[in-house]
$ cat entry_11.csv   # CSV, C-alpha atoms
chain,number,residue,atom,x,y,z
A,182,MET,CA,0.0,0.0,0.0
A,183,PRO,CA,1.4,3.4,-0.9
A,184,PRO,CA,2.0,5.8,2.0
A,185,GLN,CA,-0.2,8.7,3.0
A,186,VAL,CA,-3.3,7.1,1.5
A,187,ASP,CA,-5.6,9.3,3.7
A,188,LEU,CA,-3.9,12.6,2.9
A,189,LEU,CA,-7.1,14.0,1.4
A,190,ARG,CA,-9.4,13.1,4.3
A,191,HIS,CA,-6.9,13.9,7.0
A,192,PRO,CA,-4.6,16.6,5.6
A,193,PRO,CA,-1.9,17.9,8.0
A,194,ARG,CA,-2.5,21.4,6.6
A,195,LEU,CA,-4.6,23.2,4.1
A,196,PRO,CA,-4.4,24.3,1.3
A,197,LEU,CA,-2.5,21.4,-0.2
A,198,ILE,CA,-0.2,22.4,-3.1
A,199,ALA,CA,0.1,19.9,-5.9
A,200,PRO,CA,2.8,20.6,-8.6
A,201,SER,CA,1.8,19.1,-11.9
A,202,ILE,CA,4.8,17.3,-13.3
A,203,LEU,CA,3.6,17.8,-16.9
A,204,SER,CA,5.7,21.0,-16.9
A,205,ALA,CA,8.7,19.5,-15.1
A,206,ASP,CA,11.9,18.7,-16.9
A,207,PHE,CA,11.4,15.1,-17.9
A,208,ALA,CA,15.1,14.5,-18.2
A,209,ARG,CA,15.5,15.4,-14.5
A,210,MET,CA,12.1,14.2,-13.2
A,211,GLY,CA,13.2,12.7,-9.9
A,212,ASP,CA,15.2,15.8,-8.9
A,213,GLU,CA,12.5,18.2,-10.1
A,214,CYS,CA,9.8,16.4,-8.0
A,215,ARG,CA,12.0,15.9,-4.9
A,216,GLY,CA,12.9,19.6,-5.1
A,217,VAL,CA,9.4,21.0,-5.0
A,218,LEU,CA,8.4,18.6,-2.2
A,219,ASP,CA,11.4,19.7,-0.1
A,220,MET,CA,10.3,23.3,-0.8
A,221,GLY,CA,6.9,22.8,0.8
A,222,ALA,CA,4.6,21.2,-1.8
A,223,ASP,CA,2.4,18.5,-0.5
A,224,LEU,CA,1.8,16.1,-3.3
A,225,LEU,CA,2.6,15.5,-7.0
A,226,HIS,CA,-0.1,15.7,-9.7
A,227,LEU,CA,0.3,13.4,-12.7
A,228,ASP,CA,-1.7,14.4,-15.9
A,229,VAL,CA,-2.5,11.2,-17.9
A,230,MET,CA,-3.8,11.9,-21.4
A,231,ASP,CA,-4.7,9.4,-24.1
A,232,GLY,CA,-4.8,11.5,-27.3
A,233,HIS,CA,-8.5,10.9,-27.6
A,234,PHE,CA,-10.4,12.5,-24.7
A,235,VAL,CA,-7.9,15.3,-25.1
A,236,PRO,CA,-5.5,15.9,-28.0
A,237,ASN,CA,-2.3,15.5,-26.1
A,238,LEU,CA,-0.6,12.2,-25.3
A,239,THR,CA,1.4,12.1,-22.0
A,240,MET,CA,2.5,9.7,-19.3
A,241,GLY,CA,1.3,6.3,-18.0
A,242,PRO,CA,1.7,3.8,-15.2
A,243,ALA,CA,5.5,3.3,-15.9
A,244,LEU,CA,6.3,6.9,-15.0
A,245,CYS,CA,4.1,6.6,-11.9
A,246,ALA,CA,6.0,3.5,-10.8
A,247,SER,CA,9.3,5.2,-11.4
A,248,LEU,CA,8.3,8.1,-9.2
A,249,ARG,CA,7.1,5.7,-6.5
A,250,ALA,CA,10.5,4.0,-6.5
A,251,ALA,CA,12.4,7.3,-6.4
A,252,LEU,CA,10.0,9.0,-3.9
A,253,PRO,CA,8.6,6.3,-1.7
A,254,ASP,CA,6.9,8.7,0.7
A,255,ALA,CA,5.3,11.0,-1.9
A,256,TYR,CA,1.6,11.3,-2.5
A,257,LEU,CA,0.9,10.6,-6.2
A,258,ASP,CA,-2.3,12.2,-7.5
A,259,VAL,CA,-3.1,10.7,-10.9
A,260,HIS,CA,-5.6,12.6,-13.1
A,261,LEU,CA,-6.9,10.5,-15.9
A,262,MET,CA,-8.0,12.5,-19.0
A,263,VAL,CA,-8.9,9.4,-21.0
A,264,ASN,CA,-11.9,7.9,-22.6
A,265,ASP,CA,-11.8,4.6,-20.7
A,266,PRO,CA,-10.5,5.2,-17.2
A,267,ALA,CA,-11.6,1.8,-15.9
A,268,LYS,CA,-8.9,-0.1,-17.8
A,269,PHE,CA,-6.2,1.9,-16.0
A,270,VAL,CA,-7.4,1.4,-12.4
A,271,VAL,CA,-5.4,-1.7,-11.7
A,272,PRO,CA,-2.2,-0.6,-13.6
A,273,PHE,CA,-2.0,2.7,-11.6
A,274,ALA,CA,-2.8,1.0,-8.3
A,275,ARG,CA,0.1,-1.4,-9.0
A,276,ALA,CA,2.3,1.5,-10.0
A,277,GLY,CA,1.8,3.1,-6.5
A,278,ALA,CA,-0.8,5.9,-7.2
A,279,ASN,CA,-2.5,7.2,-4.1
A,280,CYS,CA,-5.5,9.0,-5.8
A,281,PHE,CA,-7.2,8.1,-9.1
A,282,THR,CA,-9.2,10.9,-10.6
A,283,PHE,CA,-11.5,10.3,-13.6
A,284,HIS,CA,-13.8,12.7,-15.6
A,285,VAL,CA,-17.5,12.8,-15.2
A,286,GLU,CA,-17.8,13.5,-18.9
A,287,VAL,CA,-16.6,10.0,-19.9
A,288,MET,CA,-19.0,8.0,-17.7
A,289,PRO,CA,-22.7,7.4,-17.9
A,290,SER,CA,-24.3,8.7,-14.6
A,291,GLU,CA,-25.1,5.2,-13.5
A,292,GLY,CA,-21.5,4.1,-13.9
A,293,VAL,CA,-19.8,6.7,-11.8
A,294,GLY,CA,-20.4,5.0,-8.4
A,295,ALA,CA,-19.3,1.6,-9.7
A,296,LEU,CA,-16.0,2.9,-11.0
A,297,ALA,CA,-15.4,4.8,-7.7
A,298,GLU,CA,-15.9,1.6,-5.7
A,299,GLN,CA,-13.5,-0.3,-8.1
A,300,ILE,CA,-10.9,2.4,-7.4
A,301,ARG,CA,-11.4,2.4,-3.7
A,302,GLY,CA,-11.2,-1.4,-3.6
A,303,THR,CA,-7.6,-1.1,-4.8
A,304,GLY,CA,-6.7,1.1,-1.8
A,305,MET,CA,-6.5,4.3,-3.8
A,306,GLU,CA,-8.6,7.4,-3.0
A,307,VAL,CA,-11.1,8.6,-5.5
A,308,GLY,CA,-11.3,11.9,-7.5
A,309,LEU,CA,-14.0,13.1,-9.9
A,310,ALA,CA,-13.2,15.8,-12.4
A,311,ILE,CA,-15.3,18.2,-14.4
A,312,ASN,CA,-14.4,20.4,-17.4
A,313,PRO,CA,-15.1,24.1,-17.8
A,314,PRO,CA,-18.0,23.7,-20.4
A,315,THR,CA,-19.8,20.9,-18.4
A,316,PRO,CA,-22.8,22.1,-16.3
A,317,VAL,CA,-22.4,21.7,-12.6
A,318,ASP,CA,-25.6,19.7,-12.6
A,319,ARG,CA,-23.7,16.9,-14.3
A,320,ILE,CA,-21.5,16.3,-11.2
A,321,ARG,CA,-23.9,17.4,-8.5
A,322,PRO,CA,-25.6,14.0,-8.0
A,323,HIS,CA,-22.2,12.4,-7.3
A,324,LEU,CA,-20.8,14.8,-4.8
A,325,SER,CA,-21.1,12.6,-1.8
A,326,MET,CA,-18.9,9.9,-3.4
A,327,PRO,CA,-15.4,11.1,-4.1
A,328,ASP,CA,-12.6,12.0,-1.7
A,329,MET,CA,-11.8,14.9,-4.0
A,330,VAL,CA,-13.6,16.9,-6.7
A,331,LEU,CA,-11.4,18.5,-9.4
A,332,VAL,CA,-12.6,21.5,-11.2
A,333,MET,CA,-10.7,22.2,-14.4
A,334,SER,CA,-10.0,25.9,-14.8
A,335,VAL,CA,-8.7,25.5,-18.4
A,336,ASN,CA,-9.9,23.2,-21.1
A,337,PRO,CA,-7.7,20.1,-20.5
A,338,GLY,CA,-4.9,18.9,-22.8
A,339,PHE,CA,-1.9,21.2,-22.6
A,340,SER,CA,0.0,23.0,-19.9
A,341,GLY,CA,0.4,26.8,-19.9
A,342,GLN,CA,-3.2,27.9,-20.7
A,343,SER,CA,-4.8,30.9,-19.3
A,344,PHE,CA,-7.1,30.6,-16.2
A,345,ILE,CA,-10.8,30.8,-16.9
A,346,ALA,CA,-12.2,33.0,-14.1
A,347,GLU,CA,-15.8,31.9,-14.7
A,348,THR,CA,-14.9,28.4,-13.3
A,349,LEU,CA,-14.8,30.0,-9.9
A,350,ASP,CA,-18.7,30.2,-9.9
A,351,LYS,CA,-18.8,26.4,-10.5
A,352,THR,CA,-16.2,25.9,-7.7
A,353,ARG,CA,-18.4,27.8,-5.2
A,354,ALA,CA,-21.4,25.8,-6.2
A,355,ILE,CA,-19.6,22.5,-5.7
A,356,ARG,CA,-18.0,23.5,-2.4
A,357,ALA,CA,-21.5,24.1,-1.0
A,358,GLY,CA,-22.3,20.4,-1.6
A,359,LEU,CA,-19.2,18.9,-0.1
A,360,ARG,CA,-18.5,17.6,3.4
A,361,PRO,CA,-15.6,19.0,5.4
A,362,ASP,CA,-13.6,15.8,4.8
A,363,GLN,CA,-13.8,16.1,1.0
A,364,ARG,CA,-11.2,18.1,-0.9
A,365,LEU,CA,-11.9,20.5,-3.7
A,366,GLN,CA,-9.1,20.8,-6.2
A,367,MET,CA,-8.6,23.2,-9.1
A,368,ASP,CA,-6.2,22.7,-12.0
A,369,GLY,CA,-5.3,25.1,-14.9
A,370,GLY,CA,-3.6,28.4,-15.1
A,371,ILE,CA,-3.1,28.8,-11.3
A,372,SER,CA,-0.3,31.1,-10.1
A,373,PRO,CA,0.3,33.3,-7.1
A,374,SER,CA,-1.5,36.1,-8.9
A,375,ASN,CA,-4.9,34.3,-8.8
A,376,ALA,CA,-4.4,31.8,-6.0
A,377,ALA,CA,-6.1,33.9,-3.4
A,378,ALA,CA,-9.3,34.0,-5.5
A,379,VAL,CA,-9.1,30.2,-6.0
A,380,ARG,CA,-8.7,29.6,-2.3
A,381,ALA,CA,-11.6,32.1,-1.5
A,382,ALA,CA,-13.9,30.2,-3.8
A,383,GLY,CA,-13.4,27.1,-1.7
A,384,CYS,CA,-10.5,25.2,-3.3
A,385,ASP,CA,-8.1,23.6,-0.8
A,386,VAL,CA,-5.9,21.7,-3.3
A,387,LEU,CA,-4.2,23.9,-5.8
A,388,VAL,CA,-2.5,22.4,-8.9
A,389,SER,CA,0.2,24.4,-10.6
A,390,ALA,CA,2.3,23.4,-13.6
A,391,SER,CA,4.1,26.0,-15.7
A,392,ALA,CA,3.7,28.7,-13.1
A,393,LEU,CA,5.9,26.6,-10.9
A,394,PHE,CA,8.1,24.4,-13.0
A,395,GLY,CA,8.5,27.1,-15.6
A,396,GLN,CA,10.4,29.2,-13.2
A,397,PRO,CA,14.0,28.9,-12.1
A,398,VAL,CA,14.6,26.6,-9.1
A,399,GLU,CA,15.6,29.4,-6.8
A,400,LYS,CA,12.2,31.0,-7.3
A,401,ARG,CA,10.0,28.0,-6.7
A,402,ARG,CA,9.8,28.1,-2.9
A,403,ASP,CA,8.4,31.6,-3.0
A,404,ILE,CA,5.9,30.5,-5.7
A,405,ILE,CA,4.7,27.6,-3.5
A,406,ARG,CA,4.3,30.0,-0.6
A,407,GLY,CA,2.3,32.3,-2.8
A,408,LEU,CA,0.0,29.5,-4.0
A,409,ALA,CA,-0.6,28.4,-0.4
A,410,GLY,CA,-0.9,31.9,1.1
A,411,ASP,CA,1.1,30.8,4.1
A,412,GLY,CA,4.6,30.8,5.5
A,413,ARG,CA,5.6,27.3,4.7
$ encode --input "entry_11.csv" --output "structure tokens"
Amino acid sequence: MPPQVDLLRHPPRLPLIAPSILSADFARMGDECRGVLDMGADLLHLDVMDGHFVPNLTMGPALCASLRAALPDAYLDVHLMVNDPAKFVVPFARAGANCFTFHVEVMPSEGVGALAEQIRGTGMEVGLAINPPTPVDRIRPHLSMPDMVLVMSVNPGFSGQSFIAETLDKTRAIRAGLRPDQRLQMDGGISPSNAAAVRAAGCDVLVSASALFGQPVEKRRDIIRGLAGDGR
């Protein structure tokens, strides 16, 4: 069982900062990830794309397993932007993922709970994601189920896109339907310049990709502090 499997339900602090490794230097992945964790980040966010649900093609279970071997105590938050998430549940569980997030857009409503139970049965925590164009009513019936809800604040597929401010309305609506032990994550275009608005809207897990890994190493600790709004 990977460590920290209850990080979402029993966080040692909030907000949690989740660097997205999509913008890290893949030739130096272990050092890049270890560095941001040492600087105060709380978990690592892995964006998995299949070239179908989104146009880009990225990482898979092998990279997750490599990170687990290199960083045995890290919390690995895997975000599946794929058409068929069910076929990846067991591979990512075996690779050491802690949380498995799938999109509400790829599942019939009656299948969401069954997939969540399959994920939880492997020992992973469950995340449920929603894209900017998708009405909040699509996810509202399922809000009691996941450990974390992920609101995309860009249209998924590529790092470095501009933040869509209108997604904060969706964030506030979703937060109103969550329990205190459920986390609300936002991903896409988040930087220290808009992090306060994201936190104020109810998000307590902030994903950052290019705004963090796109900066020199010596600036990253201050960026993490700016995202969190605290003195870590």
$ atom_distance --input "entry_11.csv" --atom1 "CA of Val317 in chain A" --atom2 "CA of Leu331 in chain A"
11.9 Å
$ residues_around --input "entry_11.csv" --residues "Val217 in chain A" --least-positions-apart "6" --cutoff "8 Å" --atoms "all atoms listed in the file" --output "ChimeraX atom specification"
/A:200,401-402
$ residues_around --input "entry_11.csv" --residues "Glu399 in chain A" --least-positions-apart "5" --cutoff "12 Å" --atoms "all atoms listed in the file" --output "list of chain:residue names"
A:Gly216, A:Val217, A:Met220, A:Leu393, A:Phe394, A:Ile404, A:Ile405
$ closest_residue --input "entry_11.csv" --among "A:Pro397, A:Pro316, A:Gly294, A:Pro327" --to "Phe281 in chain A" --atoms "only C-alpha atoms"
A:Pro327
$ residues_around --input "entry_11.csv" --residues "Leu189 in chain A" --least-positions-apart "2" --cutoff "10 Å" --atoms "all atoms listed in the file" --output "list of chain:residue names"
A:Gln185, A:Val186, A:Asp187, A:His191, A:Pro192, A:Pro193, A:Leu195, A:Leu197, A:Tyr256, A:Asn279, A:Cys280, A:Glu306, A:Val307, A:Asp328, A:Met329, A:Asp362, A:Gln363, A:Arg364, A:Leu365, A:Asp385, A:Val386
$ write_last_selection --input "entry_11.csv" --atoms "C-alpha atoms" --output "compact mmCIF listing (two decimals), in the coordinates of the input"
# COMPACT_ATOMS: atom_id res chain seq x y z
CA GLN A 185 -0.20 8.70 3.00
CA VAL A 186 -3.30 7.10 1.50
CA ASP A 187 -5.60 9.30 3.70
CA HIS A 191 -6.90 13.90 7.00
CA PRO A 192 -4.60 16.60 5.60
CA PRO A 193 -1.90 17.90 8.00
CA LEU A 195 -4.60 23.20 4.10
CA LEU A 197 -2.50 21.40 -0.20
CA TYR A 256 1.60 11.30 -2.50
CA ASN A 279 -2.50 7.20 -4.10
CA CYS A 280 -5.50 9.00 -5.80
CA GLU A 306 -8.60 7.40 -3.00
CA VAL A 307 -11.10 8.60 -5.50
CA ASP A 328 -12.60 12.00 -1.70
CA MET A 329 -11.80 14.90 -4.00
CA ASP A 362 -13.60 15.80 4.80
CA GLN A 363 -13.80 16.10 1.00
CA ARG A 364 -11.20 18.10 -0.90
CA LEU A 365 -11.90 20.50 -3.70
CA ASP A 385 -8.10 23.60 -0.80
CA VAL A 386 -5.90 21.70 -3.30
$ atom_distance --input "entry_11.csv" --atom1 "CA of Leu261 in chain A" --atom2 "CA of Pro236 in chain A"
13.3 Å
$ closest_atom_pairs --input "entry_11.csv" --of "range 256-340 of chain A" --to "range 374-382 of chain A" --cutoff "12 Å" --atoms "only C-alpha atoms" --output "CSV"
residue,atom,partner,partner_atom,distance
A:Val332,CA,A:Val379,CA,10.7
A:Met333,CA,A:Val379,CA,11.7
A:Ser334,CA,A:Val379,CA,9.8
$ closest_residue --input "entry_11.csv" --among "A:Ile320, A:Val388, A:Ala310, A:Leu225" --to "Glu213 in chain A" --atoms "all atoms listed in the file"
A:Leu225
$ closest_residue --input "entry_11.csv" --among "A:Ile371, A:Ala390, A:Asp350, A:Gly277" --to "Ala409 in chain A" --atoms "all atoms listed in the file"
A:Ile371
$ atom_distance --input "entry_11.csv" --atom1 "CA of Arg321 in chain A" --atom2 "CA of Gly358 in chain A"
7.7 Å
$ closest_residue --input "entry_11.csv" --among "A:Gln366, A:Ala267, A:Ala222, A:Asn336" --to "Glu298 in chain A" --atoms "only C-alpha atoms"
A:Ala267
